[in-house]
file structure-v8.cif (mmCIF, C-alpha atoms)
data_coords
#
loop_
_atom_site.label_atom_id
_atom_site.label_comp_id
_atom_site.auth_asym_id
_atom_site.auth_seq_id
_atom_site.Cartn_x
_atom_site.Cartn_y
_atom_site.Cartn_z
CA MET A 1 25.01 15.47 -5.68
CA LEU A 2 26.27 11.98 -6.24
CA ARG A 3 23.44 9.61 -5.46
CA GLY A 4 23.30 5.91 -4.93
CA LEU A 5 27.01 5.63 -4.36
CA PHE A 6 28.62 4.52 -1.20
CA LEU A 7 31.66 6.68 -1.23
CA LEU A 8 32.45 6.83 2.44
CA ALA A 9 33.19 4.25 5.02
CA VAL A 10 30.99 5.04 7.97
CA LEU A 11 31.02 3.56 11.41
CA ILE A 12 29.28 4.46 14.60
CA ALA A 13 32.09 5.10 17.02
CA SER A 14 32.09 4.99 20.78
CA GLY A 15 35.01 7.40 20.89
CA ALA A 16 37.61 9.14 18.80
CA SER A 17 41.15 7.97 18.36
CA ALA A 18 43.94 10.41 19.04
CA GLN A 19 44.51 11.00 15.33
CA GLU A 20 40.94 11.73 14.34
CA ARG A 21 39.49 15.20 14.25
CA VAL A 22 36.30 15.71 16.23
CA ILE A 23 33.67 17.99 14.73
CA GLN A 24 30.86 19.10 17.01
CA VAL A 25 27.52 19.55 15.31
CA THR A 26 24.54 21.00 17.14
CA ALA A 27 20.94 20.57 16.10
CA GLU A 28 18.11 22.90 17.02
CA ARG A 29 14.86 23.85 15.38
CA PHE A 30 15.35 24.32 12.43
CA LYS A 31 19.07 24.26 11.68
CA PHE A 32 22.33 22.42 12.09
CA THR A 33 25.48 24.26 13.17
CA PRO A 34 27.65 24.14 11.24
CA ALA A 35 25.40 23.66 8.22
CA THR A 36 28.37 22.86 6.03
CA ILE A 37 30.94 20.31 7.12
CA GLU A 38 34.11 20.14 5.09
CA LEU A 39 36.35 17.09 5.01
CA LYS A 40 39.21 15.87 2.89
CA VAL A 41 39.43 12.53 1.17
CA GLY A 42 41.29 10.15 3.43
CA GLU A 43 40.65 12.14 6.58
CA ALA A 44 38.70 10.22 9.20
CA VAL A 45 36.64 12.36 11.53
CA ILE A 46 34.18 11.90 14.35
CA LEU A 47 30.96 13.90 14.27
CA GLU A 48 29.65 14.61 17.75
CA LEU A 49 25.95 15.34 17.40
CA THR A 50 24.01 17.08 20.16
CA THR A 51 20.67 18.86 20.35
CA LEU A 52 19.90 22.18 22.00
CA ASP A 53 16.16 21.70 22.26
CA ARG A 54 14.41 18.45 21.34
CA LYS A 55 14.91 15.14 19.58
CA HIS A 56 16.14 15.50 16.02
CA GLY A 57 17.41 13.21 13.30
CA PHE A 58 20.62 13.22 11.32
CA GLN A 59 20.28 11.39 8.05
CA ILE A 60 22.53 11.17 5.00
CA PRO A 61 20.64 8.74 2.74
CA ASP A 62 23.42 8.56 0.16
CA LEU A 63 25.77 7.27 2.83
CA LYS A 64 23.25 5.15 4.72
CA ILE A 65 23.71 7.26 7.84
CA ASP A 66 20.55 7.47 9.94
CA GLU A 67 20.92 8.60 13.54
CA THR A 68 18.73 10.18 16.16
CA ILE A 69 19.98 12.96 18.42
CA GLU A 70 18.45 12.74 21.88
CA PRO A 71 18.45 15.60 24.40
CA GLY A 72 21.23 15.23 26.95
CA LYS A 73 23.14 12.68 24.88
CA VAL A 74 26.02 12.80 22.43
CA THR A 75 25.68 10.75 19.24
CA ARG A 76 29.02 9.99 17.62
CA VAL A 77 29.41 9.10 13.96
CA ARG A 78 32.76 8.20 12.42
CA ILE A 79 33.26 9.13 8.80
CA ALA A 80 36.26 8.16 6.68
CA PRO A 81 35.82 9.61 3.19
CA THR A 82 37.36 7.78 0.29
CA LYS A 83 36.06 9.94 -2.56
CA ALA A 84 35.16 13.56 -3.09
CA GLY A 85 31.59 14.80 -3.33
CA THR A 86 28.79 16.75 -1.67
CA PHE A 87 26.23 14.91 0.40
CA GLU A 88 23.14 16.52 1.89
CA PHE A 89 22.12 15.72 5.45
CA HIS A 90 18.78 16.55 7.02
CA CYS A 91 16.64 16.08 10.09
CA ASP A 92 14.28 13.15 9.60
CA VAL A 93 12.41 13.48 12.88
CA PHE A 94 9.53 15.86 12.23
CA CYS A 95 10.10 18.84 14.52
CA GLY A 96 7.65 21.51 13.44
CA SER A 97 7.06 24.19 10.84
CA GLY A 98 10.47 24.65 9.30
CA HIS A 99 11.44 20.98 9.63
CA GLU A 100 11.62 20.69 5.86
CA GLU A 101 14.37 23.29 5.76
CA MET A 102 16.51 21.69 8.48
CA ALA A 103 19.37 20.45 6.35
CA GLY A 104 23.06 20.88 5.63
CA GLU A 105 25.78 19.41 3.50
CA LEU A 106 28.89 17.35 3.91
CA VAL A 107 31.54 18.49 1.45
CA VAL A 108 34.40 16.08 0.81
CA LYS A 109 37.25 17.75 -1.03
CA PRO A 110 39.99 15.98 -3.00
CA MET B 111 -6.80 22.15 -23.67
CA SER B 112 -3.84 20.85 -25.60
CA GLU B 113 -3.73 17.24 -26.69
CA SER B 114 -0.65 16.55 -24.61
CA ARG B 115 -2.19 18.13 -21.53
CA GLY B 116 -5.38 16.16 -21.98
CA ARG B 117 -3.42 12.97 -22.22
CA ARG B 118 -1.66 13.73 -18.98
CA GLU B 119 -4.89 14.41 -17.16
CA PHE B 120 -6.69 11.17 -17.88
CA ILE B 121 -5.13 7.86 -16.97
CA LYS B 122 -6.83 4.51 -17.13
CA ILE B 123 -5.43 1.66 -15.10
CA LEU B 124 -6.35 -1.78 -16.31
CA GLY B 125 -6.67 -4.51 -13.75
CA PHE B 126 -5.30 -2.17 -11.08
CA GLY B 127 -1.98 -2.69 -12.78
CA GLY B 128 -0.88 -1.67 -16.28
CA VAL B 129 -1.34 1.99 -17.09
CA VAL B 130 -2.63 3.28 -20.41
CA PHE B 131 -3.31 6.87 -21.32
CA ALA B 132 -6.41 8.25 -22.96
CA SER B 133 -7.55 11.72 -23.89
CA GLY B 134 -9.62 13.41 -21.21
CA LEU B 135 -12.45 15.91 -21.31
CA ALA B 136 -13.60 18.17 -18.52
CA GLY B 137 -15.96 16.23 -16.29
CA ALA B 138 -15.37 13.08 -18.29
CA CYS B 139 -14.52 11.01 -15.27
CA SER B 140 -17.75 11.80 -13.54
CA ASN B 141 -19.78 11.15 -16.68
CA ILE B 142 -18.09 8.31 -18.47
CA LEU B 143 -19.68 5.45 -16.61
CA ARG B 144 -23.05 7.11 -16.29
CA LYS B 145 -23.21 7.09 -20.09
CA ALA B 146 -22.82 3.33 -19.98
CA GLY B 147 -26.00 3.16 -17.97
CA ALA B 148 -24.42 1.65 -14.92
CA GLU B 149 -25.19 4.21 -12.27
CA ASP B 150 -25.86 1.61 -9.62
CA ASP B 151 -22.65 -0.32 -10.01
CA ASP B 152 -19.92 2.02 -11.10
CA PHE B 153 -18.73 4.76 -8.82
CA PHE B 154 -16.03 7.32 -8.36
CA PHE B 155 -14.33 9.06 -5.50
CA VAL B 156 -12.19 12.16 -5.20
CA GLN B 157 -8.74 12.47 -3.62
CA LEU B 158 -7.79 15.80 -2.08
CA SER B 159 -4.40 16.14 -0.46
CA ASP B 160 -2.10 18.47 1.44
CA THR B 161 -4.49 21.33 2.03
CA HIS B 162 -2.28 22.67 4.87
CA TRP B 163 -5.03 24.80 6.37
CA GLY B 164 -3.38 27.54 8.45
CA PHE B 165 -0.34 27.94 6.22
CA LYS B 166 0.84 31.47 5.64
CA GLY B 167 3.76 32.39 3.43
CA PRO B 168 5.04 33.49 0.03
CA PRO B 169 4.54 30.07 -1.65
CA ASN B 170 0.79 30.75 -1.49
CA PRO B 171 -0.30 34.25 -0.43
CA GLU B 172 -3.90 33.24 -1.12
CA ALA B 173 -3.83 30.19 1.15
CA ALA B 174 -6.85 31.40 3.08
CA ASN B 175 -8.98 30.91 -0.04
CA THR B 176 -7.58 27.78 -1.67
CA LEU B 177 -9.39 25.15 0.41
CA ARG B 178 -12.75 26.83 -0.12
CA GLN B 179 -12.04 27.03 -3.85
CA ALA B 180 -11.31 23.31 -3.89
CA VAL B 181 -14.58 22.54 -2.10
CA GLN B 182 -16.42 24.64 -4.67
CA ALA B 183 -14.63 22.89 -7.53
CA VAL B 184 -15.58 19.43 -6.25
CA ASN B 185 -19.16 20.54 -5.66
CA ALA B 186 -19.28 21.79 -9.24
CA LEU B 187 -18.51 18.38 -10.75
CA PRO B 188 -21.33 17.16 -13.01
CA ARG B 189 -21.86 14.19 -10.75
CA GLN B 190 -20.93 13.95 -7.08
CA PRO B 191 -18.43 11.33 -5.88
CA ASP B 192 -19.44 8.56 -3.51
CA PHE B 193 -16.84 9.91 -1.12
CA VAL B 194 -13.97 12.33 -0.81
CA VAL B 195 -10.72 11.23 0.77
CA PHE B 196 -8.13 13.62 2.20
CA THR B 197 -4.70 12.00 2.13
CA GLY B 198 -3.07 13.96 4.91
CA ASP B 199 -1.67 17.34 5.89
CA LEU B 200 -5.17 18.67 6.31
CA THR B 201 -3.68 21.41 8.47
CA HIS B 202 -0.29 23.09 8.62
CA THR B 203 1.66 22.24 11.74
CA THR B 204 1.92 24.54 14.73
CA ASP B 205 3.55 24.24 18.15
CA ASP B 206 0.55 25.95 19.73
CA VAL B 207 -1.79 23.17 20.81
CA ALA B 208 -4.82 25.47 20.98
CA GLU B 209 -4.06 26.77 17.49
CA ARG B 210 -3.70 23.18 16.21
CA HIS B 211 -7.19 22.35 17.43
CA LYS B 212 -8.52 25.63 16.02
CA ARG B 213 -7.13 24.83 12.58
CA MET B 214 -8.69 21.38 12.66
CA ARG B 215 -12.08 22.80 13.66
CA GLU B 216 -11.86 25.38 10.88
CA PHE B 217 -10.87 22.73 8.37
CA LYS B 218 -13.85 20.57 9.32
CA ALA B 219 -16.20 23.54 9.05
CA ILE B 220 -14.99 24.36 5.54
CA VAL B 221 -15.12 20.81 4.16
CA ALA B 222 -18.56 20.35 5.70
CA ASP B 223 -19.77 22.26 2.65
CA LEU B 224 -18.81 19.36 0.39
CA LYS B 225 -21.86 17.87 -1.28
CA ALA B 226 -20.32 14.40 -1.35
CA PRO B 227 -22.09 12.26 1.25
CA VAL B 228 -18.96 10.87 2.91
CA GLN B 229 -15.53 12.26 3.75
CA ARG B 230 -12.60 10.08 4.75
CA TYR B 231 -9.57 11.48 6.54
CA MET B 232 -6.04 10.51 7.44
CA PRO B 233 -3.22 12.53 8.94
CA GLY B 234 -0.05 13.90 7.44
CA GLU B 235 3.01 14.70 9.49
CA HIS B 236 1.84 18.30 9.84
CA ASP B 237 -1.36 17.07 11.51
CA ALA B 238 0.04 14.35 13.71
CA SER B 239 3.79 14.16 14.17
CA LEU B 240 4.11 16.67 17.02
CA ASP B 241 1.53 14.99 19.26
CA GLN B 242 1.53 11.44 17.82
CA GLY B 243 -1.90 12.02 16.33
CA ALA B 244 -3.73 13.06 19.51
CA ALA B 245 -5.45 16.18 18.14
CA PHE B 246 -6.20 14.48 14.83
CA GLN B 247 -7.93 11.58 16.55
CA GLU B 248 -10.00 13.96 18.63
CA HIS B 249 -11.34 15.71 15.54
CA PHE B 250 -11.23 13.08 12.80
CA GLY B 251 -11.08 9.67 14.46
CA ALA B 252 -8.66 6.80 13.95
CA THR B 253 -5.44 7.35 12.01
CA HIS B 254 -5.55 3.90 10.43
CA TYR B 255 -8.62 1.90 9.54
CA SER B 256 -10.30 0.06 6.70
CA PHE B 257 -13.67 0.04 5.03
CA ASP B 258 -15.42 -1.63 2.13
CA HIS B 259 -17.27 0.18 -0.60
CA LYS B 260 -19.09 -1.46 -3.48
CA GLY B 261 -16.79 -4.44 -3.70
CA ILE B 262 -13.47 -2.74 -3.07
CA HIS B 263 -11.53 -2.99 0.15
CA PHE B 264 -9.92 0.26 1.27
CA ALA B 265 -7.15 0.37 3.88
CA VAL B 266 -5.84 3.59 5.40
CA LEU B 267 -2.25 3.46 6.67
CA ASP B 268 -0.72 5.94 9.12
CA ASN B 269 2.96 6.62 8.42
CA VAL B 270 3.13 10.00 10.14
CA SER B 271 2.03 9.75 13.78
CA ASP B 272 5.51 8.41 14.45
CA PRO B 273 7.63 11.53 13.84
CA GLN B 274 10.29 9.26 12.36
CA ALA B 275 7.92 8.31 9.54
CA ALA B 276 7.39 4.68 10.46
CA ILE B 277 4.25 2.59 10.15
CA GLY B 278 5.31 0.36 13.01
CA ASP B 279 5.05 -3.38 13.49
CA ALA B 280 1.73 -3.18 15.32
CA GLN B 281 0.07 -1.49 12.35
CA ILE B 282 1.71 -3.90 9.91
CA ASP B 283 0.24 -6.75 11.95
CA TRP B 284 -3.14 -5.04 11.86
CA LEU B 285 -2.88 -4.69 8.06
CA LEU B 286 -2.09 -8.37 7.68
CA ALA B 287 -5.06 -9.34 9.83
CA ASP B 288 -7.26 -6.90 7.92
CA LEU B 289 -6.34 -8.26 4.50
CA LYS B 290 -6.04 -11.94 5.37
CA PRO B 291 -9.72 -12.79 4.77
CA LEU B 292 -9.52 -11.37 1.24
CA GLY B 293 -8.91 -13.56 -1.79
CA PRO B 294 -5.75 -13.07 -3.85
CA ASP B 295 -7.70 -11.30 -6.62
CA ALA B 296 -9.58 -8.94 -4.33
CA PRO B 297 -9.38 -5.30 -5.44
CA ILE B 298 -7.60 -3.34 -2.72
CA VAL B 299 -6.96 0.39 -2.49
CA VAL B 300 -4.54 1.78 0.09
CA PHE B 301 -4.55 5.40 1.20
CA THR B 302 -1.54 6.82 2.98
CA HIS B 303 0.32 10.11 3.26
CA ARG B 304 3.97 9.46 2.56
CA PRO B 305 5.17 7.28 -0.30
CA LEU B 306 5.57 3.70 0.87
CA PHE B 307 8.57 3.28 -1.40
CA ASP B 308 11.86 5.22 -1.36
CA LEU B 309 10.92 7.95 -3.80
CA ALA B 310 13.52 10.43 -2.53
CA PRO B 311 14.83 9.77 0.98
CA GLN B 312 17.16 12.75 0.51
CA TRP B 313 14.04 14.91 0.62
CA ASP B 314 12.32 12.84 3.30
CA TRP B 315 10.00 11.39 0.66
CA ALA B 316 9.87 7.87 2.00
CA THR B 317 8.48 5.73 4.80
CA ARG B 318 11.07 4.24 7.13
CA ASP B 319 9.48 0.79 7.11
CA GLY B 320 7.40 1.18 3.96
CA SER B 321 9.03 -1.90 2.43
CA LYS B 322 7.30 -4.03 5.07
CA ALA B 323 3.91 -2.80 3.90
CA ILE B 324 4.83 -3.30 0.24
CA ASP B 325 6.12 -6.82 0.92
CA LEU B 326 2.84 -7.63 2.61
CA LEU B 327 0.64 -6.03 -0.05
CA GLN B 328 2.41 -7.93 -2.81
CA HIS B 329 0.59 -11.06 -1.73
CA TRP B 330 -2.51 -9.61 -3.39
CA LYS B 331 -2.69 -9.10 -7.14
CA ASN B 332 -4.83 -5.97 -7.41
CA VAL B 333 -3.44 -3.30 -5.12
CA THR B 334 -3.33 0.42 -5.81
CA VAL B 335 -1.88 3.03 -3.45
CA PHE B 336 -2.91 6.68 -3.40
CA TYR B 337 -0.81 9.10 -1.37
CA GLY B 338 0.16 12.76 -0.98
CA HIS B 339 3.09 14.48 0.76
CA ILE B 340 5.11 15.35 -2.34
CA HIS B 341 2.71 18.04 -3.63
CA GLN B 342 2.66 16.84 -7.23
CA GLU B 343 1.27 14.14 -9.45
CA HIS B 344 3.56 11.12 -9.60
CA HIS B 345 3.12 7.52 -10.75
CA PHE B 346 5.34 4.58 -9.88
CA LYS B 347 5.14 0.82 -9.64
CA THR B 348 6.70 -1.62 -7.20
CA GLY B 349 6.06 -5.04 -8.68
CA ALA B 350 2.34 -5.19 -9.46
CA ILE B 351 1.46 -2.38 -7.05
CA ALA B 352 0.75 1.03 -8.56
CA HIS B 353 1.49 4.12 -6.45
CA HIS B 354 -0.09 7.46 -7.35
CA ALA B 355 0.76 10.75 -5.65
CA ALA B 356 -1.71 13.62 -5.84
CA GLN B 357 -1.21 17.31 -6.39
CA SER B 358 -1.50 19.49 -3.32
CA LEU B 359 -3.93 22.30 -2.57
CA ILE B 360 -1.40 24.69 -1.05
CA PHE B 361 1.78 24.93 -3.19
CA PRO B 362 3.59 22.65 -5.62
CA LEU B 363 7.00 21.14 -4.92
CA PRO B 364 9.61 20.42 -7.59
CA PRO B 365 10.07 16.95 -9.14
CA PRO B 366 12.03 14.57 -6.94
CA LEU B 367 15.72 15.57 -6.65
CA SER B 368 15.39 17.95 -9.62
CA GLN B 369 17.17 20.69 -7.69
CA PRO B 370 19.47 20.87 -4.66
CA LYS B 371 16.80 21.95 -2.18
CA ARG B 372 13.23 20.79 -1.65
CA ALA B 373 11.91 24.36 -1.88
CA PRO B 374 8.34 25.14 -2.99
CA VAL B 375 7.84 26.21 -6.58
CA PRO B 376 7.68 30.04 -6.43
CA TRP B 377 4.17 31.47 -6.50
CA ASP B 378 3.21 33.12 -9.76
CA PRO B 379 0.69 35.98 -9.29
CA ALA B 380 -0.36 35.58 -12.92
CA HIS B 381 -1.22 31.92 -12.23
CA PRO B 382 -1.99 31.72 -8.50
CA LEU B 383 -3.48 28.21 -8.73
CA ARG B 384 -0.84 26.70 -11.00
CA GLY B 385 0.32 23.29 -9.82
CA LEU B 386 -2.65 22.81 -7.49
CA GLY B 387 -5.39 20.29 -8.07
CA PHE B 388 -7.22 17.15 -7.08
CA ARG B 389 -7.94 13.73 -8.53
CA GLU B 390 -11.06 11.87 -9.60
CA ILE B 391 -10.83 8.07 -9.49
CA SER B 392 -13.58 6.06 -11.12
CA VAL B 393 -14.08 2.33 -10.77
CA ASP B 394 -15.78 0.21 -13.39
CA GLU B 395 -18.58 -2.26 -12.83
CA GLN B 396 -16.26 -5.28 -12.80
CA ARG B 397 -13.89 -3.60 -10.31
CA LEU B 398 -11.07 -4.22 -12.76
CA VAL B 399 -10.40 -0.76 -14.13
CA LEU B 400 -9.48 2.40 -12.30
CA THR B 401 -9.61 5.61 -14.27
CA LEU B 402 -7.70 8.57 -12.92
CA LYS B 403 -8.42 12.14 -13.89
CA GLU B 404 -6.17 14.92 -12.64
CA ASP B 405 -8.15 18.14 -12.18
CA SER B 406 -6.13 21.35 -12.23
CA MET B 407 -7.43 24.07 -9.92
CA GLU B 408 -6.20 26.60 -12.46
CA ARG B 409 -8.49 25.10 -15.07
CA VAL B 410 -11.57 24.26 -13.04
CA SER B 411 -11.80 27.46 -10.94
#

call {"tool": "encode", "arguments": {"input": "structure-v8.cif", "output": "structure tokens"}}
result
Amino acid sequence: MLRGLFLLAVLIASGASAQERVIQVTAERFKFTPATIELKVGEAVILELTTLDRKHGFQIPDLKIDETIEPGKVTRVRIAPTKAGTFEFHCDVFCGSGHEEMAGELVVKP
Amino acid sequence: MSESRGRREFIKILGFGGVVFASGLAGACSNILRKAGAEDDDFFFVQLSDTHWGFKGPPNPEAANTLRQAVQAVNALPRQPDFVVFTGDLTHTTDDVAERHKRMREFKAIVADLKAPVQRYMPGEHDASLDQGAAFQEHFGATHYSFDHKGIHFAVLDNVSDPQAAIGDAQIDWLLADLKPLGPDAPIVVFTHRPLFDLAPQWDWATRDGSKAIDLLQHWKNVTVFYGHIHQEHHFKTGAIAHHAAQSLIFPLPPPLSQPKRAPVPWDPAHPLRGLGFREISVDEQRLVLTLKEDSMERVS
């Protein structure tokens, strides 16, 4: 994992442009689906985060992404990768036994 | 005991700041100041952390015994501490509210066998994050508070009742009001569960607004923080403030970011207590020196 580097340009988006791929990510105790998100350098995408049960978090510390996912709401995060790498994301809102395993990874390919 | 191991187990902190290492002997911490003939003025306390009562799983198949073994180990010290402090995750989390209360009652019943005259508690996220500390408060009292003991001011900070791992502005304001009457040289010890600094946010080893507490505490010269959460001994400094994490009493976790996943260290049936332990902290007569001794459950049981 590449730590301490800000390799992606990240914005919270209110909506996706016509050119940007939308990736839907669901959170539920104690997993994200999909758990692996693959992107390509230079490809801007919108993550649409929703929860199937309760409030969760979506944090990628290496990229300074820190969002909450509220029931009944869609949280959108725009990511525009500029360099390749693998970045772990996890839930940072304690949600029960198994919370520590609620994680996934963002894989940015060249 | 090997020389290198002994050196790891016995740490003396001068002026609540600079750390020096010295060789340690079994029971040395509880005897060292008594030998100086200062029984009335020196004292020591014991930190136990992350007992996770109620946990069941491969990382510790003997979890039903570990807490009792720890109580026995503390009771077997040559001299009893003035108090024992539990720095969070007393119980393992459960969605079942009745079971949560049951685990807390069982925990209290087991630690009631401690010979030490006083026990101090604070929650970890497993105790408090699912109900914002309601059950914990019912069984153990306030989640943040302060007390004075023999010239040292102790402050307990709650960074877990908020499931997003924040202390919160109201508690920061309380801390400021609590510390304000103290002089700049006053010896201060802070107990909390999560690290106040960003040890490893990738593994959720941080406090969302911990920097606010650190910024505040830096106005005093002699501050030491003891915490848990990361299930291993760890020492770090932010400015003049020393931060010391304790071993757990359930299963060890790997060093920060040493592997891709924050998975428990696999249980070894040949060494079922490996990586588990507790800490003795002694305070000298002048309240200038803290001496830390890391007790391994594998060695003392």

call {"tool": "resolve_selection", "arguments": {"input": "structure-v8.cif", "expression": "the PyMOL selection byres ((chain B and resi 281-286) around 8)", "output": "ChimeraX atom specification"}}
result
/B:265,267,277-280,287-290,322-323,326

call {"tool": "interface_residues", "arguments": {"input": "structure-v8.cif", "of": "chain B", "to": "chain A", "cutoff": "8 Å", "atoms": "all atoms listed in the file", "output": "mmCIF file with C-alpha atoms, keeping the file's coordinate frame"}}
result
data_model
loop_
_atom_site.group_PDB
_atom_site.id
_atom_site.type_symbol
_atom_site.label_atom_id
_atom_site.label_comp_id
_atom_site.auth_asym_id
_atom_site.auth_seq_id
_atom_site.Cartn_x
_atom_site.Cartn_y
_atom_site.Cartn_z
ATOM 1 C CA HIS B 202 -0.290 23.090 8.620
ATOM 2 C CA THR B 203 1.660 22.240 11.740
ATOM 3 C CA THR B 204 1.920 24.540 14.730
ATOM 4 C CA ASP B 205 3.550 24.240 18.150
ATOM 5 C CA GLU B 235 3.010 14.700 9.490
ATOM 6 C CA HIS B 236 1.840 18.300 9.840
ATOM 7 C CA SER B 239 3.790 14.160 14.170
ATOM 8 C CA LEU B 240 4.110 16.670 17.020
ATOM 9 C CA PRO B 273 7.630 11.530 13.840
ATOM 10 C CA GLN B 274 10.290 9.260 12.360
ATOM 11 C CA ALA B 275 7.920 8.310 9.540
ATOM 12 C CA PRO B 311 14.830 9.770 0.980
ATOM 13 C CA GLN B 312 17.160 12.750 0.510
ATOM 14 C CA ASP B 314 12.320 12.840 3.300
ATOM 15 C CA PRO B 370 19.470 20.870 -4.660
ATOM 16 C CA ARG B 372 13.230 20.790 -1.650
#

call {"tool": "resolve_selection", "arguments": {"input": "structure-v8.cif", "expression": "the PyMOL selection byres ((chain B and resi 172) around 12)", "output": "NGL selection string"}}
result
:B and (163-171 or 173-179 or 359-361 or 377-379 or 381-383)

call {"tool": "atom_distance", "arguments": {"input": "structure-v8.cif", "atom1": "atom CA of B:Pro188", "atom2": "atom CA of B:Arg397"}}
result
22.2 Å

call {"tool": "axis_aligned_box", "arguments": {"input": "structure-v8.cif", "around": "stretch 52-61 of chain A", "padding_each_side": "3 Å", "output": "JSON"}}
result
{"center_x": 18.5, "center_y": 15.5, "center_z": 12.5, "size_x": 14.1, "size_y": 19.4, "size_z": 25.5}

call {"tool": "closest_residue", "arguments": {"input": "structure-v8.cif", "among": "B:Lys225, B:His354, B:His162, B:Arg213", "to": "B:Leu187", "atoms": "only C-alpha atoms"}}
result
B:Lys225

call {"tool": "residues_around", "arguments": {"input": "structure-v8.cif", "residues": "B:Ala316", "least_positions_apart": "4", "cutoff": "10 Å", "atoms": "only C-alpha atoms", "output": "MDAnalysis selection string"}}
result
chainID B and resid 269 275:276 303:312 320:321 339:340

call {"tool": "atom_distance", "arguments": {"input": "structure-v8.cif", "atom1": "atom CA of B:Ala373", "atom2": "atom CA of A:Ile69"}}
result
24.6 Å

call {"tool": "closest_residue", "arguments": {"input": "structure-v8.cif", "among": "A:Arg21, A:Glu70, A:Arg76, A:Arg54", "to": "A:Glu38", "atoms": "only C-alpha atoms"}}
result
A:Arg21

call {"tool": "atom_distance", "arguments": {"input": "structure-v8.cif", "atom1": "atom CA of B:Ser406", "atom2": "atom CA of B:Gly387"}}
result
4.4 Å

call {"tool": "resolve_selection", "arguments": {"input": "structure-v8.cif", "expression": "the PyMOL selection byres ((chain B and resi 260-262) around 9)", "output": "list in words"}}
result
Asp151, Asp152, Phe153, Phe257, Asp258, His259, His263, Phe264, Ala296, Pro297, Ile298, Val299 and Arg397 of chain B

call {"tool": "residues_near_point", "arguments": {"input": "structure-v8.cif", "point": "(19.8, 22.2, 17.8)", "cutoff": "10 Å", "atoms": "all atoms listed in the file", "output": "number ranges by chain"}}
result
A: 25-33, 49-56, 69, 71, 102
